[in-house]
>>> print(open('work27.csv').read())   # CSV, N, CA and C atoms
chain,number,residue,atom,x,y,z
E,1,HIS,N,-20.4,-35.6,-26.6
E,1,HIS,CA,-20.3,-34.3,-25.9
E,1,HIS,C,-18.8,-33.9,-25.7
E,2,SER,N,-18.5,-32.6,-25.5
E,2,SER,CA,-17.2,-32.1,-25.4
E,2,SER,C,-17.1,-31.2,-24.2
E,3,PRO,N,-17.2,-31.8,-23.0
E,3,PRO,CA,-17.1,-31.0,-21.8
E,3,PRO,C,-15.7,-30.4,-21.6
E,4,LEU,N,-15.7,-29.3,-20.8
E,4,LEU,CA,-14.5,-28.6,-20.4
E,4,LEU,C,-13.7,-29.6,-19.5
E,5,LYS,N,-12.5,-29.9,-19.9
E,5,LYS,CA,-11.6,-30.9,-19.2
E,5,LYS,C,-10.7,-30.2,-18.2
E,6,ALA,N,-10.1,-29.1,-18.6
E,6,ALA,CA,-9.2,-28.4,-17.7
E,6,ALA,C,-9.0,-26.9,-18.2
E,7,THR,N,-8.6,-26.1,-17.2
E,7,THR,CA,-8.4,-24.7,-17.5
E,7,THR,C,-7.1,-24.2,-16.8
E,8,VAL,N,-6.5,-23.1,-17.4
E,8,VAL,CA,-5.4,-22.4,-16.7
E,8,VAL,C,-5.8,-20.9,-16.8
E,9,PRO,N,-6.0,-20.3,-15.6
E,9,PRO,CA,-5.9,-20.9,-14.3
E,9,PRO,C,-7.0,-21.9,-14.1
E,10,ALA,N,-6.8,-22.7,-13.1
E,10,ALA,CA,-7.8,-23.7,-12.7
E,10,ALA,C,-9.0,-23.1,-12.1
E,11,ASN,N,-10.2,-23.7,-12.4
E,11,ASN,CA,-11.4,-23.2,-11.8
E,11,ASN,C,-11.3,-23.1,-10.3
E,12,GLU,N,-11.8,-21.9,-9.8
E,12,GLU,CA,-11.8,-21.6,-8.3
E,12,GLU,C,-10.4,-21.5,-7.7
E,13,SER,N,-9.4,-21.3,-8.5
E,13,SER,CA,-8.0,-21.2,-8.0
E,13,SER,C,-7.7,-19.7,-7.6
E,14,THR,N,-6.6,-19.5,-6.9
E,14,THR,CA,-6.1,-18.2,-6.6
E,14,THR,C,-4.8,-18.0,-7.2
E,15,VAL,N,-4.5,-16.9,-8.0
E,15,VAL,CA,-3.3,-16.7,-8.6
E,15,VAL,C,-2.7,-15.4,-8.2
E,16,ALA,N,-1.4,-15.2,-8.3
E,16,ALA,CA,-0.7,-14.0,-7.9
E,16,ALA,C,-0.9,-12.8,-8.8
E,17,GLU,N,-1.0,-13.1,-10.1
E,17,GLU,CA,-1.2,-11.9,-11.0
E,17,GLU,C,-2.2,-12.3,-12.1
E,18,VAL,N,-2.7,-11.3,-12.8
E,18,VAL,CA,-3.7,-11.6,-13.9
E,18,VAL,C,-3.0,-12.3,-15.0
E,19,PRO,N,-3.5,-13.4,-15.4
E,19,PRO,CA,-2.8,-14.1,-16.6
E,19,PRO,C,-3.1,-13.4,-17.9
E,20,SER,N,-2.1,-13.6,-18.8
E,20,SER,CA,-2.3,-12.9,-20.1
E,20,SER,C,-3.3,-13.6,-21.0
E,21,GLU,N,-3.7,-14.9,-20.6
E,21,GLU,CA,-4.6,-15.6,-21.4
E,21,GLU,C,-5.3,-16.6,-20.5
E,22,ILE,N,-6.5,-17.1,-21.0
E,22,ILE,CA,-7.2,-18.2,-20.4
E,22,ILE,C,-7.0,-19.4,-21.3
E,23,VAL,N,-6.6,-20.5,-20.8
E,23,VAL,CA,-6.4,-21.7,-21.5
E,23,VAL,C,-7.6,-22.6,-21.2
E,24,MET,N,-8.3,-23.0,-22.2
E,24,MET,CA,-9.5,-23.9,-22.0
E,24,MET,C,-9.2,-25.2,-22.8
E,25,ASP,N,-9.2,-26.3,-22.2
E,25,ASP,CA,-9.0,-27.6,-22.8
E,25,ASP,C,-10.2,-28.5,-22.7
E,26,PHE,N,-10.8,-28.7,-23.9
E,26,PHE,CA,-12.1,-29.5,-23.9
E,26,PHE,C,-11.8,-31.0,-24.2
E,27,LYS,N,-12.7,-31.8,-23.8
E,27,LYS,CA,-12.5,-33.3,-24.0
E,27,LYS,C,-12.6,-33.7,-25.5
E,28,GLY,N,-13.4,-32.9,-26.2
E,28,GLY,CA,-13.5,-33.1,-27.7
E,28,GLY,C,-13.5,-31.8,-28.4
E,29,ASP,N,-13.7,-31.8,-29.7
E,29,ASP,CA,-13.6,-30.6,-30.5
E,29,ASP,C,-14.9,-29.8,-30.3
E,30,ILE,N,-14.7,-28.5,-30.2
E,30,ILE,CA,-15.8,-27.5,-29.9
E,30,ILE,C,-15.5,-26.3,-30.7
E,31,ARG,N,-16.6,-25.6,-31.1
E,31,ARG,CA,-16.4,-24.2,-31.7
E,31,ARG,C,-17.0,-23.3,-30.7
E,32,LEU,N,-16.2,-22.5,-30.0
E,32,LEU,CA,-16.7,-21.5,-29.1
E,32,LEU,C,-17.4,-20.4,-29.9
E,33,THR,N,-18.5,-20.0,-29.4
E,33,THR,CA,-19.3,-18.9,-30.1
E,33,THR,C,-19.2,-17.6,-29.2
E,34,ARG,N,-19.0,-17.7,-27.9
E,34,ARG,CA,-18.9,-16.6,-27.1
E,34,ARG,C,-18.2,-16.9,-25.8
E,35,VAL,N,-17.3,-16.0,-25.4
E,35,VAL,CA,-16.6,-16.1,-24.1
E,35,VAL,C,-16.7,-14.7,-23.5
E,36,SER,N,-17.2,-14.6,-22.3
E,36,SER,CA,-17.3,-13.3,-21.7
E,36,SER,C,-16.6,-13.3,-20.3
E,37,MET,N,-16.1,-12.2,-19.9
E,37,MET,CA,-15.4,-12.0,-18.6
E,37,MET,C,-16.1,-11.0,-17.8
E,38,THR,N,-16.4,-11.3,-16.5
E,38,THR,CA,-16.9,-10.3,-15.6
E,38,THR,C,-15.9,-10.2,-14.5
E,39,HIS,N,-15.6,-9.0,-14.1
E,39,HIS,CA,-14.7,-8.7,-13.0
E,39,HIS,C,-15.2,-7.7,-12.0
E,40,ALA,N,-15.4,-8.0,-10.8
E,40,ALA,CA,-15.8,-7.1,-9.7
E,40,ALA,C,-17.0,-6.2,-10.2
E,41,GLU,N,-16.8,-4.9,-10.1
E,41,GLU,CA,-17.9,-4.0,-10.5
E,41,GLU,C,-17.9,-3.6,-12.0
E,42,HIS,N,-17.0,-4.1,-12.7
E,42,HIS,CA,-16.9,-3.8,-14.2
E,42,HIS,C,-18.0,-4.6,-14.9
E,43,PRO,N,-18.5,-4.0,-16.0
E,43,PRO,CA,-19.5,-4.7,-16.8
E,43,PRO,C,-18.8,-5.9,-17.5
E,44,SER,N,-19.6,-6.9,-17.9
E,44,SER,CA,-19.1,-8.0,-18.7
E,44,SER,C,-18.6,-7.6,-20.0
E,45,VAL,N,-17.4,-8.2,-20.4
E,45,VAL,CA,-16.9,-7.9,-21.7
E,45,VAL,C,-16.7,-9.2,-22.5
E,46,ASP,N,-16.9,-9.2,-23.8
E,46,ASP,CA,-16.6,-10.4,-24.6
E,46,ASP,C,-15.1,-10.5,-24.9
E,47,LEU,N,-14.6,-11.7,-24.8
E,47,LEU,CA,-13.2,-11.9,-25.2
E,47,LEU,C,-13.1,-12.2,-26.6
E,48,ASP,N,-11.9,-11.9,-27.2
E,48,ASP,CA,-11.7,-12.0,-28.7
E,48,ASP,C,-11.5,-13.4,-29.1
E,49,LEU,N,-12.4,-13.9,-29.9
E,49,LEU,CA,-12.3,-15.3,-30.5
E,49,LEU,C,-11.9,-15.3,-32.0
E,50,ASP,N,-11.5,-14.1,-32.5
E,50,ASP,CA,-11.2,-14.0,-33.9
E,50,ASP,C,-10.2,-15.0,-34.5
E,51,GLY,N,-9.2,-15.4,-33.7
E,51,GLY,CA,-8.1,-16.2,-34.2
E,51,GLY,C,-8.5,-17.7,-34.3
E,52,PHE,N,-9.7,-18.1,-33.9
E,52,PHE,CA,-10.1,-19.5,-33.9
E,52,PHE,C,-11.1,-19.8,-34.9
E,53,ASP,N,-10.8,-20.8,-35.8
E,53,ASP,CA,-11.7,-21.2,-36.8
E,53,ASP,C,-12.0,-22.7,-36.6
E,54,GLY,N,-13.3,-23.1,-36.9
E,54,GLY,CA,-13.6,-24.5,-36.9
E,54,GLY,C,-13.7,-25.1,-35.5
E,55,PHE,N,-13.7,-26.4,-35.5
E,55,PHE,CA,-13.8,-27.1,-34.2
E,55,PHE,C,-12.5,-27.6,-33.7
E,56,ILE,N,-12.1,-27.2,-32.6
E,56,ILE,CA,-10.8,-27.6,-31.9
E,56,ILE,C,-11.0,-27.9,-30.5
E,57,SER,N,-10.1,-28.5,-29.8
E,57,SER,CA,-10.3,-28.8,-28.4
E,57,SER,C,-9.5,-27.9,-27.4
E,58,ASP,N,-8.5,-27.2,-27.9
E,58,ASP,CA,-7.7,-26.4,-27.0
E,58,ASP,C,-7.7,-24.9,-27.5
E,59,TYR,N,-8.1,-24.0,-26.5
E,59,TYR,CA,-8.1,-22.6,-26.8
E,59,TYR,C,-7.2,-21.9,-25.8
E,60,ALA,N,-6.5,-20.9,-26.3
E,60,ALA,CA,-5.7,-19.9,-25.5
E,60,ALA,C,-6.2,-18.6,-25.8
E,61,ILE,N,-7.1,-18.0,-25.0
E,61,ILE,CA,-7.8,-16.8,-25.3
E,61,ILE,C,-7.2,-15.6,-24.6
E,62,PRO,N,-6.8,-14.6,-25.3
E,62,PRO,CA,-6.2,-13.4,-24.7
E,62,PRO,C,-7.1,-12.8,-23.6
E,63,LEU,N,-6.5,-12.4,-22.5
E,63,LEU,CA,-7.3,-11.9,-21.4
E,63,LEU,C,-7.0,-10.4,-21.2
E,64,GLN,N,-8.0,-9.6,-21.0
E,64,GLN,CA,-7.7,-8.2,-20.7
E,64,GLN,C,-7.4,-8.1,-19.2
E,65,SER,N,-6.3,-7.4,-18.9
E,65,SER,CA,-5.9,-7.3,-17.5
E,65,SER,C,-6.7,-6.2,-16.8
E,66,MET,N,-7.3,-6.5,-15.7
E,66,MET,CA,-8.0,-5.5,-14.9
E,66,MET,C,-7.1,-5.4,-13.6
E,67,GLU,N,-7.7,-5.7,-12.5
E,67,GLU,CA,-6.9,-5.7,-11.3
E,67,GLU,C,-7.2,-6.9,-10.5
E,68,SER,N,-6.8,-6.9,-9.2
E,68,SER,CA,-7.1,-8.1,-8.3
E,68,SER,C,-8.6,-8.2,-8.1
E,69,GLY,N,-8.9,-9.4,-7.6
E,69,GLY,CA,-10.3,-9.7,-7.4
E,69,GLY,C,-10.8,-11.0,-8.1
E,70,VAL,N,-12.1,-11.2,-8.1
E,70,VAL,CA,-12.6,-12.4,-8.7
E,70,VAL,C,-13.0,-12.2,-10.2
E,71,TYR,N,-12.5,-13.1,-11.0
E,71,TYR,CA,-12.9,-13.1,-12.4
E,71,TYR,C,-13.8,-14.2,-12.7
E,72,LEU,N,-14.9,-13.9,-13.5
E,72,LEU,CA,-15.8,-15.0,-13.9
E,72,LEU,C,-15.8,-15.0,-15.4
E,73,ILE,N,-15.5,-16.2,-15.9
E,73,ILE,CA,-15.4,-16.5,-17.4
E,73,ILE,C,-16.6,-17.4,-17.7
E,74,GLU,N,-17.5,-16.9,-18.6
E,74,GLU,CA,-18.6,-17.7,-19.1
E,74,GLU,C,-18.5,-18.0,-20.5
E,75,TRP,N,-18.8,-19.2,-20.9
E,75,TRP,CA,-18.6,-19.6,-22.3
E,75,TRP,C,-19.8,-20.3,-22.9
E,76,ARG,N,-19.9,-20.2,-24.2
E,76,ARG,CA,-20.9,-20.9,-25.0
E,76,ARG,C,-20.2,-21.5,-26.2
E,77,GLY,N,-20.7,-22.6,-26.7
E,77,GLY,CA,-20.1,-23.2,-27.9
E,77,GLY,C,-21.0,-24.3,-28.5
E,78,LEU,N,-20.5,-24.9,-29.5
E,78,LEU,CA,-21.2,-25.9,-30.2
E,78,LEU,C,-20.2,-27.1,-30.4
E,79,GLY,N,-20.6,-28.2,-29.9
E,79,GLY,CA,-19.7,-29.4,-30.0
E,79,GLY,C,-19.8,-29.9,-31.4
E,80,ALA,N,-18.7,-30.7,-31.8
E,80,ALA,CA,-18.6,-31.2,-33.2
E,80,ALA,C,-19.8,-32.2,-33.4
E,81,ASP,N,-20.4,-32.7,-32.3
E,81,ASP,CA,-21.6,-33.6,-32.5
E,81,ASP,C,-22.9,-32.8,-32.6
E,82,GLY,N,-22.8,-31.5,-32.6
E,82,GLY,CA,-24.0,-30.7,-32.8
E,82,GLY,C,-24.7,-30.2,-31.5
E,83,HIS,N,-24.2,-30.7,-30.4
E,83,HIS,CA,-24.8,-30.3,-29.1
E,83,HIS,C,-24.3,-28.9,-28.7
E,84,ALA,N,-25.2,-28.1,-28.2
E,84,ALA,CA,-24.9,-26.8,-27.6
E,84,ALA,C,-24.3,-27.0,-26.3
E,85,LEU,N,-23.3,-26.3,-26.0
E,85,LEU,CA,-22.6,-26.4,-24.7
E,85,LEU,C,-22.4,-25.1,-24.1
E,86,ASN,N,-22.3,-25.0,-22.7
E,86,ASN,CA,-22.0,-23.8,-22.1
E,86,ASN,C,-21.5,-24.1,-20.7
E,87,GLY,N,-20.9,-23.1,-20.1
E,87,GLY,CA,-20.3,-23.3,-18.7
E,87,GLY,C,-19.6,-22.1,-18.2
E,88,SER,N,-19.0,-22.2,-17.1
E,88,SER,CA,-18.3,-21.0,-16.5
E,88,SER,C,-17.2,-21.5,-15.6
E,89,LEU,N,-16.3,-20.6,-15.4
E,89,LEU,CA,-15.2,-20.9,-14.4
E,89,LEU,C,-14.9,-19.6,-13.8
E,90,SER,N,-14.2,-19.6,-12.6
E,90,SER,CA,-13.8,-18.4,-12.0
E,90,SER,C,-12.5,-18.6,-11.3
E,91,PHE,N,-11.8,-17.5,-11.1
E,91,PHE,CA,-10.5,-17.5,-10.4
E,91,PHE,C,-10.3,-16.2,-9.7
E,92,THR,N,-9.5,-16.2,-8.7
E,92,THR,CA,-9.2,-15.0,-7.9
E,92,THR,C,-7.8,-14.5,-8.1
E,93,VAL,N,-7.6,-13.2,-8.4
E,93,VAL,CA,-6.2,-12.7,-8.4
E,93,VAL,C,-6.0,-11.9,-7.1
E,94,GLU,N,-4.9,-12.3,-6.5
E,94,GLU,CA,-4.6,-11.6,-5.2
E,94,GLU,C,-4.1,-10.2,-5.4
>>> encode(input="work27.csv", output="structure tokens")
Amino acid sequence: HSPLKATVPANESTVAEVPSEIVMDFKGDIRLTRVSMTHAEHPSVDLDLDGFDGFISDYAIPLQSMESGVYLIEWRGLGADGHALNGSLSFTVE
């Protein structure tokens, strides 16, 4: 399996400004199939995964800047071992 090892910003952290990207570091190689972002009252939007091909362990995904508040990032993917994976992380922008 290839669980999510670390993220920037860290899960449940508070940051001063909206980051330009979300960094996701997986324990093993994974192919992300969908990453979506939900912020406050805004509808969920899919983040752009076009620049990523094949199975890799580190992703730096461009993030659309909204405003302060809680951001929820939900992801789905396929591990190199064939297992379907999914999860979420959140952070707050002051």
>>> atom_distance(input="work27.csv", atom1="atom CA of Asn11 of chain E", atom2="atom CA of Asp81 of chain E")
25.3 Å
>>> residues_around(input="work27.csv", residues="Arg34 of chain E", least_positions_apart="2", cutoff="6.5 Å", atoms="only N, CA and C atoms", output="PDB file with N, CA and C atoms, in the frame of the given file")
ATOM      1  N   LEU E  32     -16.200 -22.500 -30.000  1.00  0.00           N
ATOM      2  CA  LEU E  32     -16.700 -21.500 -29.100  1.00  0.00           C
ATOM      3  C   LEU E  32     -17.400 -20.400 -29.900  1.00  0.00           C
ATOM      4  N   SER E  36     -17.200 -14.600 -22.300  1.00  0.00           N
ATOM      5  CA  SER E  36     -17.300 -13.300 -21.700  1.00  0.00           C
ATOM      6  C   SER E  36     -16.600 -13.300 -20.300  1.00  0.00           C
ATOM      7  N   LEU E  47     -14.600 -11.700 -24.800  1.00  0.00           N
ATOM      8  CA  LEU E  47     -13.200 -11.900 -25.200  1.00  0.00           C
ATOM      9  C   LEU E  47     -13.100 -12.200 -26.600  1.00  0.00           C
ATOM     10  N   GLU E  74     -17.500 -16.900 -18.600  1.00  0.00           N
ATOM     11  CA  GLU E  74     -18.600 -17.700 -19.100  1.00  0.00           C
ATOM     12  C   GLU E  74     -18.500 -18.000 -20.500  1.00  0.00           C
ATOM     13  N   TRP E  75     -18.800 -19.200 -20.900  1.00  0.00           N
ATOM     14  CA  TRP E  75     -18.600 -19.600 -22.300  1.00  0.00           C
ATOM     15  C   TRP E  75     -19.800 -20.300 -22.900  1.00  0.00           C
ATOM     16  N   ARG E  76     -19.900 -20.200 -24.200  1.00  0.00           N
ATOM     17  CA  ARG E  76     -20.900 -20.900 -25.000  1.00  0.00           C
ATOM     18  C   ARG E  76     -20.200 -21.500 -26.200  1.00  0.00           C
ATOM     19  N   GLY E  77     -20.700 -22.600 -26.700  1.00  0.00           N
ATOM     20  CA  GLY E  77     -20.100 -23.200 -27.900  1.00  0.00           C
ATOM     21  C   GLY E  77     -21.000 -24.300 -28.500  1.00  0.00           C
TER      22      GLY E  77
END
>>> atom_distance(input="work27.csv", atom1="atom N of Lys27 of chain E", atom2="atom N of His39 of chain E")
24.9 Å
>>> closest_residue(input="work27.csv", among="E:Pro3, E:Gln64, E:Thr38, E:Asp50", to="Leu85 of chain E", atoms="all atoms listed in the file")
E:Pro3
>>> closest_residue(input="work27.csv", among="E:Phe52, E:Tyr71, E:Phe26, E:Tyr59", to="Thr92 of chain E", atoms="only N, CA and C atoms")
E:Tyr71
>>> residues_near_point(input="work27.csv", point="(-5.7, -15.7, -22.4)", cutoff="6 Å", atoms="only C-alpha atoms", output="PyMOL selection string")
chain E and resi 20-22+60-63
>>> closest_residue(input="work27.csv", among="E:Ala16, E:Asp53, E:Asp25, E:Ile73", to="Met37 of chain E", atoms="all atoms listed in the file")
E:Ile73
>>> atom_distance(input="work27.csv", atom1="atom N of Gly82 of chain E", atom2="atom CA of Ala6 of chain E")
20.4 Å
>>> closest_residue(input="work27.csv", among="E:Ser65, E:Arg31, E:Glu12, E:Val70", to="Ser88 of chain E", atoms="only N, CA and C atoms")
E:Glu12
>>> select_by_dssp(input="work27.csv", residues="segment 4-73 of chain E", states="strand (DSSP E)", output="PyMOL selection string")
chain E and resi 4-8+13-15+21-39+45-46+56-62+69-73
>>> residues_around(input="work27.csv", residues="Gly69 of chain E", least_positions_apart="2", cutoff="8 Å", atoms="all atoms listed in the file", output="PyMOL selection string")
chain E and resi 39-40+66-67+71-72+91-94
>>> axis_aligned_box(input="work27.csv", around="segment 56-66 of chain E", padding_each_side="6 Å", output="lines of an AutoDock Vina configuration file")
center_x = -8.9
center_y = -17.1
center_z = -23.1
size_x = 18.4
size_y = 35.4
size_z = 31.0
>>> closest_residue(input="work27.csv", among="E:Gly51, E:His83, E:Ser57, E:Ser68", to="Glu17 of chain E", atoms="only N, CA and C atoms")
E:Ser68
>>> decode(input="work27.csv", residues="segment 36-64 of chain E", atoms="N, CA, C and O atoms", output="mmCIF file, in the first residue's frame")
data_model
loop_
_atom_site.group_PDB
_atom_site.id
_atom_site.type_symbol
_atom_site.label_atom_id
_atom_site.label_comp_id
_atom_site.auth_asym_id
_atom_site.auth_seq_id
_atom_site.Cartn_x
_atom_site.Cartn_y
_atom_site.Cartn_z
ATOM 1 N N SER E 36 -9.810 16.921 -5.190
ATOM 2 C CA SER E 36 -10.764 18.021 -5.174
ATOM 3 C C SER E 36 -10.549 18.884 -3.935
ATOM 4 O O SER E 36 -10.018 18.435 -2.921
ATOM 5 N N MET E 37 -10.962 20.144 -4.049
ATOM 6 C CA MET E 37 -10.808 21.096 -2.967
ATOM 7 C C MET E 37 -12.169 21.713 -2.662
ATOM 8 O O MET E 37 -12.888 22.126 -3.571
ATOM 9 N N THR E 38 -12.513 21.767 -1.385
ATOM 10 C CA THR E 38 -13.726 22.447 -0.942
ATOM 11 C C THR E 38 -13.299 23.540 0.021
ATOM 12 O O THR E 38 -12.455 23.316 0.894
ATOM 13 N N HIS E 39 -13.862 24.731 -0.149
ATOM 14 C CA HIS E 39 -13.544 25.852 0.723
ATOM 15 C C HIS E 39 -14.827 26.569 1.116
ATOM 16 O O HIS E 39 -15.562 27.041 0.246
ATOM 17 N N ALA E 40 -15.084 26.609 2.402
ATOM 18 C CA ALA E 40 -16.218 27.349 2.970
ATOM 19 C C ALA E 40 -17.496 27.088 2.186
ATOM 20 O O ALA E 40 -17.890 25.957 2.005
ATOM 21 N N GLU E 41 -18.119 28.141 1.697
ATOM 22 C CA GLU E 41 -19.404 28.025 1.005
ATOM 23 C C GLU E 41 -19.256 27.725 -0.494
ATOM 24 O O GLU E 41 -20.237 27.573 -1.190
ATOM 25 N N HIS E 42 -18.028 27.689 -0.984
ATOM 26 C CA HIS E 42 -17.794 27.452 -2.413
ATOM 27 C C HIS E 42 -18.026 25.977 -2.757
ATOM 28 O O HIS E 42 -17.725 25.097 -1.960
ATOM 29 N N PRO E 43 -18.518 25.700 -3.960
ATOM 30 C CA PRO E 43 -18.657 24.292 -4.379
ATOM 31 C C PRO E 43 -17.274 23.658 -4.562
ATOM 32 O O PRO E 43 -16.292 24.348 -4.804
ATOM 33 N N SER E 44 -17.233 22.348 -4.463
ATOM 34 C CA SER E 44 -15.993 21.611 -4.642
ATOM 35 C C SER E 44 -15.467 21.789 -6.068
ATOM 36 O O SER E 44 -16.245 21.807 -7.020
ATOM 37 N N VAL E 45 -14.143 21.934 -6.204
ATOM 38 C CA VAL E 45 -13.520 22.035 -7.527
ATOM 39 C C VAL E 45 -12.426 20.969 -7.638
ATOM 40 O O VAL E 45 -11.762 20.653 -6.657
ATOM 41 N N ASP E 46 -12.254 20.419 -8.835
ATOM 42 C CA ASP E 46 -11.188 19.457 -9.086
ATOM 43 C C ASP E 46 -9.890 20.211 -9.350
ATOM 44 O O ASP E 46 -9.878 21.196 -10.098
ATOM 45 N N LEU E 47 -8.807 19.752 -8.744
ATOM 46 C CA LEU E 47 -7.500 20.352 -8.978
ATOM 47 C C LEU E 47 -6.866 19.708 -10.206
ATOM 48 O O LEU E 47 -7.174 18.569 -10.561
ATOM 49 N N ASP E 48 -5.981 20.444 -10.859
ATOM 50 C CA ASP E 48 -5.379 20.037 -12.128
ATOM 51 C C ASP E 48 -4.271 18.996 -11.924
ATOM 52 O O ASP E 48 -3.247 19.280 -11.322
ATOM 53 N N LEU E 49 -4.495 17.804 -12.457
ATOM 54 C CA LEU E 49 -3.507 16.730 -12.380
ATOM 55 C C LEU E 49 -2.844 16.456 -13.729
ATOM 56 O O LEU E 49 -2.168 15.433 -13.893
ATOM 57 N N ASP E 50 -3.019 17.347 -14.702
ATOM 58 C CA ASP E 50 -2.528 17.116 -16.063
ATOM 59 C C ASP E 50 -1.022 16.884 -16.160
ATOM 60 O O ASP E 50 -0.563 16.158 -17.025
ATOM 61 N N GLY E 51 -0.225 17.488 -15.300
ATOM 62 C CA GLY E 51 1.226 17.373 -15.428
ATOM 63 C C GLY E 51 1.814 16.100 -14.851
ATOM 64 O O GLY E 51 3.026 15.931 -14.849
ATOM 65 N N PHE E 52 0.970 15.199 -14.346
ATOM 66 C CA PHE E 52 1.467 14.003 -13.673
ATOM 67 C C PHE E 52 1.112 12.750 -14.472
ATOM 68 O O PHE E 52 -0.044 12.507 -14.757
ATOM 69 N N ASP E 53 2.136 11.975 -14.817
ATOM 70 C CA ASP E 53 1.937 10.732 -15.563
ATOM 71 C C ASP E 53 2.499 9.563 -14.776
ATOM 72 O O ASP E 53 3.550 9.677 -14.149
ATOM 73 N N GLY E 54 1.816 8.450 -14.834
ATOM 74 C CA GLY E 54 2.328 7.231 -14.222
ATOM 75 C C GLY E 54 2.247 7.238 -12.712
ATOM 76 O O GLY E 54 1.509 8.009 -12.102
ATOM 77 N N PHE E 55 3.031 6.373 -12.111
ATOM 78 C CA PHE E 55 3.027 6.177 -10.669
ATOM 79 C C PHE E 55 4.234 6.877 -10.051
ATOM 80 O O PHE E 55 5.376 6.550 -10.383
ATOM 81 N N ILE E 56 3.991 7.827 -9.175
ATOM 82 C CA ILE E 56 5.050 8.556 -8.482
ATOM 83 C C ILE E 56 4.667 8.696 -7.010
ATOM 84 O O ILE E 56 3.519 8.441 -6.629
ATOM 85 N N SER E 57 5.602 9.113 -6.186
ATOM 86 C CA SER E 57 5.310 9.218 -4.753
ATOM 87 C C SER E 57 5.158 10.658 -4.273
ATOM 88 O O SER E 57 4.627 10.886 -3.190
ATOM 89 N N ASP E 58 5.620 11.633 -5.043
ATOM 90 C CA ASP E 58 5.553 13.033 -4.618
ATOM 91 C C ASP E 58 4.788 13.873 -5.628
ATOM 92 O O ASP E 58 5.123 13.865 -6.820
ATOM 93 N N TYR E 59 3.807 14.591 -5.137
ATOM 94 C CA TYR E 59 2.991 15.467 -5.968
ATOM 95 C C TYR E 59 3.052 16.890 -5.425
ATOM 96 O O TYR E 59 3.001 17.086 -4.209
ATOM 97 N N ALA E 60 3.150 17.877 -6.316
ATOM 98 C CA ALA E 60 3.009 19.290 -5.966
ATOM 99 C C ALA E 60 1.911 19.816 -6.888
ATOM 100 O O ALA E 60 2.146 20.081 -8.072
ATOM 101 N N ILE E 61 0.715 19.939 -6.351
ATOM 102 C CA ILE E 61 -0.467 20.239 -7.151
ATOM 103 C C ILE E 61 -0.831 21.709 -6.993
ATOM 104 O O ILE E 61 -1.026 22.181 -5.865
ATOM 105 N N PRO E 62 -0.915 22.457 -8.115
ATOM 106 C CA PRO E 62 -1.279 23.877 -8.027
ATOM 107 C C PRO E 62 -2.631 24.047 -7.328
ATOM 108 O O PRO E 62 -3.556 23.271 -7.535
ATOM 109 N N LEU E 63 -2.700 25.086 -6.507
ATOM 110 C CA LEU E 63 -3.906 25.338 -5.726
ATOM 111 C C LEU E 63 -4.510 26.671 -6.131
ATOM 112 O O LEU E 63 -3.793 27.660 -6.274
ATOM 113 N N GLN E 64 -5.821 26.675 -6.327
ATOM 114 C CA GLN E 64 -6.528 27.915 -6.636
ATOM 115 C C GLN E 64 -6.688 28.696 -5.343
ATOM 116 O O GLN E 64 -7.168 28.167 -4.344
#
